[in-house]
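Data block for query07.cif (mmCIF, C-alpha atoms):
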```
data_model
loop_
_atom_site.label_atom_id
_atom_site.label_comp_id
_atom_site.auth_asym_id
_atom_site.auth_seq_id
_atom_site.Cartn_x
_atom_site.Cartn_y
_atom_site.Cartn_z
CA MET A 1 -31.68 1.07 31.84
CA THR A 2 -28.24 2.45 32.79
CA MET A 3 -28.41 5.84 34.56
CA TRP A 4 -25.55 8.22 33.80
CA GLU A 5 -24.08 10.39 36.53
CA VAL A 6 -22.18 13.46 35.40
CA LYS A 7 -18.87 13.83 37.20
CA SER A 8 -16.05 16.32 36.73
CA VAL A 9 -12.90 14.89 35.20
CA ASP A 10 -9.36 16.20 35.59
CA PRO A 11 -8.25 17.36 32.06
CA ARG A 12 -4.62 16.45 32.84
CA VAL A 13 -5.62 12.84 33.57
CA GLN A 14 -7.66 12.70 30.36
CA ARG A 15 -4.74 14.13 28.38
CA ARG A 16 -2.30 11.54 29.72
CA GLN A 17 -4.78 8.74 29.03
CA ARG A 18 -5.26 9.89 25.44
CA ILE A 19 -1.49 10.15 24.83
CA LEU A 20 -0.85 6.61 26.17
CA MET A 21 -3.81 5.25 24.18
CA VAL A 22 -2.62 6.82 20.91
CA LEU A 23 0.96 5.57 21.39
CA ALA A 24 -0.30 2.03 22.02
CA VAL A 25 -2.53 2.12 18.95
CA LEU A 26 0.18 3.46 16.63
CA ALA A 27 2.61 0.74 17.74
CA LEU A 28 0.31 -2.20 16.92
CA PRO A 29 0.57 -2.19 13.08
CA MET A 30 4.38 -2.16 13.41
CA LEU A 31 4.18 -5.30 15.55
CA VAL A 32 2.02 -7.02 12.94
CA TYR A 33 4.22 -6.35 9.94
CA GLY A 34 7.45 -6.76 11.88
CA ALA A 35 6.33 -10.23 12.96
CA TYR A 36 5.29 -11.18 9.45
CA TRP A 37 8.40 -10.05 7.52
CA LYS A 38 11.00 -11.20 10.01
CA GLY A 39 12.53 -14.26 8.39
CA GLY A 40 13.46 -17.47 10.13
CA GLU A 41 10.99 -17.10 12.99
CA ASP A 42 9.48 -20.21 14.47
CA SER A 43 5.75 -20.59 13.69
CA ARG A 44 4.95 -20.95 17.38
CA GLU A 45 6.53 -17.53 18.00
CA ARG A 46 4.35 -16.01 15.26
CA ILE A 47 1.25 -17.52 16.84
CA ARG A 48 2.29 -16.13 20.23
CA GLN A 49 2.72 -12.67 18.71
CA LEU A 50 -0.69 -12.97 17.08
CA GLU A 51 -2.24 -13.76 20.46
CA VAL A 52 -0.59 -10.64 21.90
CA LEU A 53 -2.05 -8.56 19.06
CA GLU A 54 -5.52 -9.97 19.71
CA GLN A 55 -5.20 -9.04 23.39
CA HIS A 56 -4.25 -5.49 22.38
CA TYR A 57 -7.22 -5.39 20.03
CA GLU A 58 -9.62 -6.45 22.80
CA GLN A 59 -8.12 -3.83 25.12
CA LEU A 60 -8.53 -1.09 22.51
CA THR A 61 -12.13 -2.13 21.92
CA ARG A 62 -12.82 -1.73 25.63
CA GLU A 63 -11.11 1.68 25.57
CA LEU A 64 -13.31 2.71 22.65
CA GLU A 65 -16.48 1.69 24.48
CA HIS A 66 -15.32 3.65 27.52
CA ALA A 67 -14.62 6.71 25.36
CA GLN A 68 -18.07 6.45 23.78
CA GLN A 69 -19.65 6.29 27.23
CA MET A 70 -17.62 9.30 28.31
CA GLN A 71 -18.84 11.21 25.26
CA ALA A 72 -22.43 10.44 26.22
CA VAL A 73 -21.77 11.76 29.73
CA LEU A 74 -20.12 14.91 28.39
CA SER A 75 -22.95 15.52 25.94
CA SER A 76 -25.57 15.20 28.68
CA GLY A 77 -23.90 17.70 31.07
CA GLU A 78 -24.93 21.24 30.15
CA ARG A 79 -22.29 22.75 32.43
CA LEU A 80 -19.40 20.99 30.69
CA GLY A 81 -17.59 22.97 28.02
CA ARG A 82 -17.60 22.36 24.28
CA GLN A 83 -13.85 21.86 24.23
CA ALA A 84 -13.98 18.76 26.45
CA ASN A 85 -16.76 17.29 24.31
CA GLU A 86 -14.82 17.95 21.11
CA GLN A 87 -11.72 16.27 22.55
CA SER A 88 -13.83 13.23 23.39
CA ARG A 89 -15.17 13.03 19.82
CA GLN A 90 -11.66 13.31 18.36
CA THR A 91 -10.44 10.50 20.64
CA ILE A 92 -13.29 8.24 19.51
CA LYS A 93 -12.63 9.03 15.84
CA LEU A 94 -8.93 8.19 16.22
CA LEU A 95 -9.69 4.93 18.02
CA GLU A 96 -12.24 3.87 15.40
CA GLU A 97 -9.75 4.49 12.57
CA GLN A 98 -6.91 2.67 14.30
CA ILE A 99 -9.07 -0.29 15.38
CA TYR A 100 -10.33 -0.77 11.81
CA LYS A 101 -6.74 -0.69 10.52
CA LEU A 102 -5.78 -3.24 13.18
CA GLN A 103 -8.70 -5.45 12.14
CA GLN A 104 -7.33 -5.48 8.60
CA ASP A 105 -3.83 -6.32 9.82
CA LEU A 106 -5.10 -9.14 12.02
CA ALA A 107 -7.18 -10.61 9.19
CA PHE A 108 -4.13 -10.61 6.90
CA TYR A 109 -1.87 -12.09 9.59
CA LYS A 110 -4.35 -14.85 10.45
CA GLY A 111 -4.70 -15.68 6.76
CA VAL A 112 -0.93 -16.15 6.46
CA LEU A 113 -0.80 -18.39 9.54
CA ALA A 114 -3.82 -20.49 8.57
CA PRO A 115 -3.04 -24.24 8.12
CA ALA A 116 -2.48 -25.24 4.51
CA SER A 117 -5.25 -27.85 4.78
CA ARG A 118 -7.90 -25.16 5.22
CA ARG A 119 -9.71 -23.95 2.12
CA GLU A 120 -8.65 -20.46 1.18
CA GLY A 121 -11.16 -17.77 0.38
CA LEU A 122 -14.00 -15.81 1.92
CA ARG A 123 -15.00 -16.11 5.58
CA ILE A 124 -18.04 -14.66 7.32
CA ARG A 125 -16.03 -13.81 10.40
CA SER A 126 -18.72 -12.45 12.70
CA PHE A 127 -22.11 -10.80 13.06
CA GLU A 128 -22.24 -8.68 16.22
CA LEU A 129 -25.56 -7.67 17.74
CA GLN A 130 -26.08 -5.30 20.67
CA GLY A 131 -29.27 -4.38 22.48
CA THR A 132 -30.20 -0.81 23.52
CA ASP A 133 -32.49 0.80 26.05
CA ASP A 134 -35.22 0.55 23.41
CA PRO A 135 -36.34 -3.15 23.30
CA LEU A 136 -37.03 -2.89 19.56
CA LEU A 137 -33.81 -1.09 18.59
CA TYR A 138 -30.52 -2.97 18.07
CA ARG A 139 -27.01 -2.15 16.87
CA TYR A 140 -25.20 -4.52 14.50
CA LYS A 141 -21.98 -5.02 12.57
CA LEU A 142 -20.86 -7.64 10.01
CA LEU A 143 -17.23 -8.61 9.37
CA LEU A 144 -16.06 -10.45 6.25
CA SER A 145 -12.48 -11.66 5.81
CA ARG A 146 -10.43 -14.08 3.75
CA VAL A 147 -7.99 -16.89 4.43
CA GLY A 148 -4.84 -17.26 2.34
CA THR A 149 -2.16 -15.08 0.78
CA ASP A 150 -3.90 -14.30 -2.52
CA ASP A 151 -3.83 -10.51 -3.00
CA LYS A 152 -6.56 -10.41 -5.63
CA PRO A 153 -9.69 -8.63 -4.29
CA LEU A 154 -12.77 -10.70 -3.47
CA GLU A 155 -15.98 -9.27 -4.93
CA GLY A 156 -19.63 -10.14 -4.62
CA GLN A 157 -22.85 -9.38 -2.78
CA VAL A 158 -23.95 -10.09 0.77
CA ARG A 159 -27.52 -10.56 1.99
CA ILE A 160 -28.78 -10.61 5.58
CA SER A 161 -32.21 -11.63 6.82
CA VAL A 162 -33.84 -12.05 10.24
CA VAL A 163 -36.00 -15.13 10.80
CA GLY A 164 -38.69 -15.08 13.47
CA LYS A 165 -42.40 -15.33 14.22
CA ARG A 166 -45.23 -12.92 13.54
CA GLU A 167 -48.71 -13.78 14.76
CA GLY A 168 -47.58 -17.36 15.36
CA LYS A 169 -46.23 -17.84 11.82
CA GLU A 170 -42.59 -18.06 10.79
CA VAL A 171 -41.48 -15.17 8.59
CA GLU A 172 -38.14 -14.02 7.16
CA LEU A 173 -37.46 -10.28 6.94
CA ASP A 174 -34.75 -8.77 4.77
CA LEU A 175 -32.44 -6.57 6.83
CA ALA A 176 -33.19 -3.75 4.38
CA GLU A 177 -36.73 -3.68 5.83
CA LEU A 178 -35.34 -3.14 9.33
CA SER A 179 -32.31 -0.91 8.77
CA SER A 180 -31.94 2.26 6.70
CA GLU A 181 -28.17 1.58 6.47
CA TRP A 182 -28.60 -1.69 4.58
CA ASN A 183 -30.01 -2.64 1.18
CA SER A 184 -30.86 -5.94 -0.45
CA THR A 185 -27.95 -5.76 -2.92
CA THR A 186 -25.10 -4.69 -0.66
CA SER A 187 -21.78 -5.34 -2.43
CA PHE A 188 -18.35 -6.16 -1.05
CA GLY A 189 -14.86 -5.87 -2.49
CA PHE A 190 -11.73 -6.33 -0.38
CA ARG A 191 -8.35 -8.04 -0.08
CA HIS A 192 -8.18 -8.91 3.62
CA LEU A 193 -11.18 -7.63 5.58
CA GLN A 194 -14.33 -5.55 5.17
CA ALA A 195 -16.72 -4.29 7.85
CA PHE A 196 -20.37 -3.32 7.43
CA PRO A 197 -20.73 -0.49 8.30
CA GLU A 198 -17.18 0.72 7.69
CA GLY A 199 -14.77 1.25 10.53
CA ALA A 200 -15.49 0.32 14.13
CA ARG A 201 -18.96 1.85 14.34
CA TYR A 202 -22.30 0.01 14.39
CA ALA A 203 -25.45 0.40 12.29
CA GLU A 204 -28.97 0.23 13.73
CA LEU A 205 -32.01 -1.94 13.03
CA ARG A 206 -35.54 -1.68 14.41
CA LEU A 207 -37.82 -4.71 14.80
CA PRO A 208 -41.59 -4.55 14.19
CA GLU A 209 -43.62 -4.58 17.40
CA ASP A 210 -45.38 -7.85 16.48
CA PHE A 211 -42.19 -9.67 15.45
CA VAL A 212 -40.18 -12.07 17.65
CA PRO A 213 -36.66 -12.71 16.20
CA ASP A 214 -35.05 -16.15 16.31
CA GLN A 215 -32.14 -16.32 13.82
CA ILE A 216 -29.94 -14.19 11.58
CA LYS A 217 -28.99 -15.54 8.17
CA VAL A 218 -25.97 -14.20 6.29
CA ARG A 219 -25.35 -15.19 2.67
CA ALA A 220 -22.37 -14.08 0.57
CA ASP A 221 -22.40 -14.64 -3.20
CA ILE A 222 -18.85 -14.47 -4.52
CA LYS A 223 -18.26 -13.22 -8.05
CA GLY A 224 -17.13 -16.07 -10.29
CA GLN A 225 -18.25 -18.82 -7.89
CA ARG A 226 -21.51 -20.77 -8.07
CA GLN A 227 -21.64 -21.90 -4.47
CA PRO A 228 -22.56 -19.11 -2.01
CA LEU A 229 -21.20 -18.94 1.52
CA GLU A 230 -23.92 -19.06 4.19
CA ARG A 231 -23.92 -18.80 7.96
CA THR A 232 -26.75 -18.74 10.52
CA TYR A 233 -26.60 -17.11 13.96
CA ASN A 234 -28.93 -17.60 16.91
CA TRP A 235 -30.45 -14.22 17.82
CA ASN A 236 -30.33 -14.74 21.58
CA GLU A 237 -26.75 -15.99 21.51
CA GLU A 238 -25.48 -13.05 19.44
CA LYS A 239 -27.38 -10.39 21.38
CA LYS A 240 -25.24 -8.65 24.00
#
```
Please re-express this file's structure in structure tokens.
Amino acid sequence: MTMWEVKSVDPRVQRRQRILMVLAVLALPMLVYGAYWKGGEDSRERIRQLEVLEQHYEQLTRELEHAQQMQAVLSSGERLGRQANEQSRQTIKLLEEQIYKLQQDLAFYKGVLAPASRREGLRIRSFELQGTDDPLLYRYKLLLSRVGTDDKPLEGQVRISVVGKREGKEVELDLAELSSEWNSTTSFGFRHLQAFPEGARYAELRLPEDFVPDQIKVRADIKGQRQPLERTYNWNEEKK
């Protein structure tokens, strides 16, 4: 378990950090669309710009995690003022909104640059799983995206289940049984990217005490298509 130590922080340093962070975030969408609409660019240059965007995205994600940790520290210190805590919450909210917008831009940009030989359509981009101090409690997030330039929304339903063992027997539990933020008929509808839950935040799931997880199964049924899209993740490999 990580132990938090409350330390005083210079407000002027925090203010400068927030200003630089916001300026960097606001500039990213302009880079995405500027790179896409600029005619006559070599494809290798577009790929290089995409790599730069992905590096910015990873940096912002780290900044968000740091801001969330700082909020936890501020919340735990009774001597720290409400104003500092409120500023921390506003910073996290801004980062979450901008990161989600950047995720959409990146999904669109990658779809445009995808090789023509690849089948266009829905992609189960990732299922992220994070452990907590509670060994039965986990945080998760699912990302769906599409490949191609078609602007017509993709619609359908997505199902998630956790496969594991209970009393020596293999069982498969619907995520709706483990998480109050999920249901068995969760629908999707998007043009470029959709996150579950929305934005950059995570939902929570709690495992039964007598259940040992092994795999995560994600199945997306696309409206108008017979063949569903399925993907399986190893629990231990996805857990961070």
Exercise. For CA of Thr186 in chain A and CA of Asp214 in chain A, determine how far apart the two atoms are, in Å to one decimal place.
Key: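 Straight-line distance from CA of Thr186 in chain A to CA of Asp214 in chain A works out to 22.8 Å.
Counting from CA of Gln215 in chain A, the distance to CA of Leu64 in chain A is 28.2 Å.
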Quiz item: What does the PyMOL selection byres ((chain A and resi 65) around 12) select in this file, as a VMD selection string?
Solution: chain A and resid 58 to 64 66 to 72 88 91 to 93 95 to 96 99 200 to 202
Quiz item: When you draw a straight line from CA of Pro208 in chain A to CA of Ala220 in chain A, how long is it in Å?
Solution: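 Going from CA of Pro208 in chain A over to CA of Ala220 in chain A covers 25.4 Å.
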Quiz item: Excluding same-chain residues fewer than 2 positions from Trp182 in chain A, what lies within 12 Å of it counting all atoms listed in the file, as a PyMOL selection string?
Solution: chain A and resi 140-142+158-161+174-180+184-187+196-197+202-205
Mind dumping the selected residues with C-alpha atoms as a PDB file, in the frame of the given file?
```
ATOM      1  CA  TYR A 140     -25.200  -4.520  14.500  1.00  0.00           C
ATOM      2  CA  LYS A 141     -21.980  -5.020  12.570  1.00  0.00           C
ATOM      3  CA  LEU A 142     -20.860  -7.640  10.010  1.00  0.00           C
ATOM      4  CA  VAL A 158     -23.950 -10.090   0.770  1.00  0.00           C
ATOM      5  CA  ARG A 159     -27.520 -10.560   1.990  1.00  0.00           C
ATOM      6  CA  ILE A 160     -28.780 -10.610   5.580  1.00  0.00           C
ATOM      7  CA  SER A 161     -32.210 -11.630   6.820  1.00  0.00           C
ATOM      8  CA  ASP A 174     -34.750  -8.770   4.770  1.00  0.00           C
ATOM      9  CA  LEU A 175     -32.440  -6.570   6.830  1.00  0.00           C
ATOM     10  CA  ALA A 176     -33.190  -3.750   4.380  1.00  0.00           C
ATOM     11  CA  GLU A 177     -36.730  -3.680   5.830  1.00  0.00           C
ATOM     12  CA  LEU A 178     -35.340  -3.140   9.330  1.00  0.00           C
ATOM     13  CA  SER A 179     -32.310  -0.910   8.770  1.00  0.00           C
ATOM     14  CA  SER A 180     -31.940   2.260   6.700  1.00  0.00           C
ATOM     15  CA  SER A 184     -30.860  -5.940  -0.450  1.00  0.00           C
ATOM     16  CA  THR A 185     -27.950  -5.760  -2.920  1.00  0.00           C
ATOM     17  CA  THR A 186     -25.100  -4.690  -0.660  1.00  0.00           C
ATOM     18  CA  SER A 187     -21.780  -5.340  -2.430  1.00  0.00           C
ATOM     19  CA  PHE A 196     -20.370  -3.320   7.430  1.00  0.00           C
ATOM     20  CA  PRO A 197     -20.730  -0.490   8.300  1.00  0.00           C
ATOM     21  CA  TYR A 202     -22.300   0.010  14.390  1.00  0.00           C
ATOM     22  CA  ALA A 203     -25.450   0.400  12.290  1.00  0.00           C
ATOM     23  CA  GLU A 204     -28.970   0.230  13.730  1.00  0.00           C
ATOM     24  CA  LEU A 205     -32.010  -1.940  13.030  1.00  0.00           C
TER      25      LEU A 205
END
```
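Summary of the local environment: counting all atoms listed in the file, residues at most 8 Å from range 143-145 of chain A, other than itself and those fewer than 4 positions away along its chain, are A:Ala107, A:Leu122, A:Arg123, A:Ile124, A:Arg125, A:Ser126, A:Phe127, A:His192, A:Leu193, A:Gln194, A:Ala195, A:Phe196.
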Return as AutoDock Vina command-line options the centre and edge lengths, in Å with one decimal, of the box along x, y and z that encloses every atom of range 218-235 of chain A in the file, padded by 5 Å per side.
```
--center_x -23.8 --center_y -17.6 --center_z 3.8 --size_x 23.3 --size_y 18.7 --size_z 38.1
```
Exercise. For the file shown, report as JSON, numbers by chain the outcome of the PyMOL selection byres ((chain A and resi 154) around 10) at residue level.
Key: {"A": [121, 122, 145, 146, 150, 151, 152, 153, 155, 156, 188, 189, 190, 191, 192, 193, 222, 223, 224]}
Next, dump the selected residues to file, keeping only C-alpha atoms, as an mmCIF file, in the frame of the given file.
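Written file, result22.cif:
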```
data_model
loop_
_atom_site.group_PDB
_atom_site.id
_atom_site.type_symbol
_atom_site.label_atom_id
_atom_site.label_comp_id
_atom_site.auth_asym_id
_atom_site.auth_seq_id
_atom_site.Cartn_x
_atom_site.Cartn_y
_atom_site.Cartn_z
ATOM 1 C CA GLY A 121 -11.160 -17.770 0.380
ATOM 2 C CA LEU A 122 -14.000 -15.810 1.920
ATOM 3 C CA SER A 145 -12.480 -11.660 5.810
ATOM 4 C CA ARG A 146 -10.430 -14.080 3.750
ATOM 5 C CA ASP A 150 -3.900 -14.300 -2.520
ATOM 6 C CA ASP A 151 -3.830 -10.510 -3.000
ATOM 7 C CA LYS A 152 -6.560 -10.410 -5.630
ATOM 8 C CA PRO A 153 -9.690 -8.630 -4.290
ATOM 9 C CA GLU A 155 -15.980 -9.270 -4.930
ATOM 10 C CA GLY A 156 -19.630 -10.140 -4.620
ATOM 11 C CA PHE A 188 -18.350 -6.160 -1.050
ATOM 12 C CA GLY A 189 -14.860 -5.870 -2.490
ATOM 13 C CA PHE A 190 -11.730 -6.330 -0.380
ATOM 14 C CA ARG A 191 -8.350 -8.040 -0.080
ATOM 15 C CA HIS A 192 -8.180 -8.910 3.620
ATOM 16 C CA LEU A 193 -11.180 -7.630 5.580
ATOM 17 C CA ILE A 222 -18.850 -14.470 -4.520
ATOM 18 C CA LYS A 223 -18.260 -13.220 -8.050
ATOM 19 C CA GLY A 224 -17.130 -16.070 -10.290
#
```
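Residue nearest Leu94 in chain A within the list A:Gly199, A:Gly164, A:Glu237, A:Glu181: A:Gly199 [criterion: smallest interatomic distance, all atoms listed in the file].
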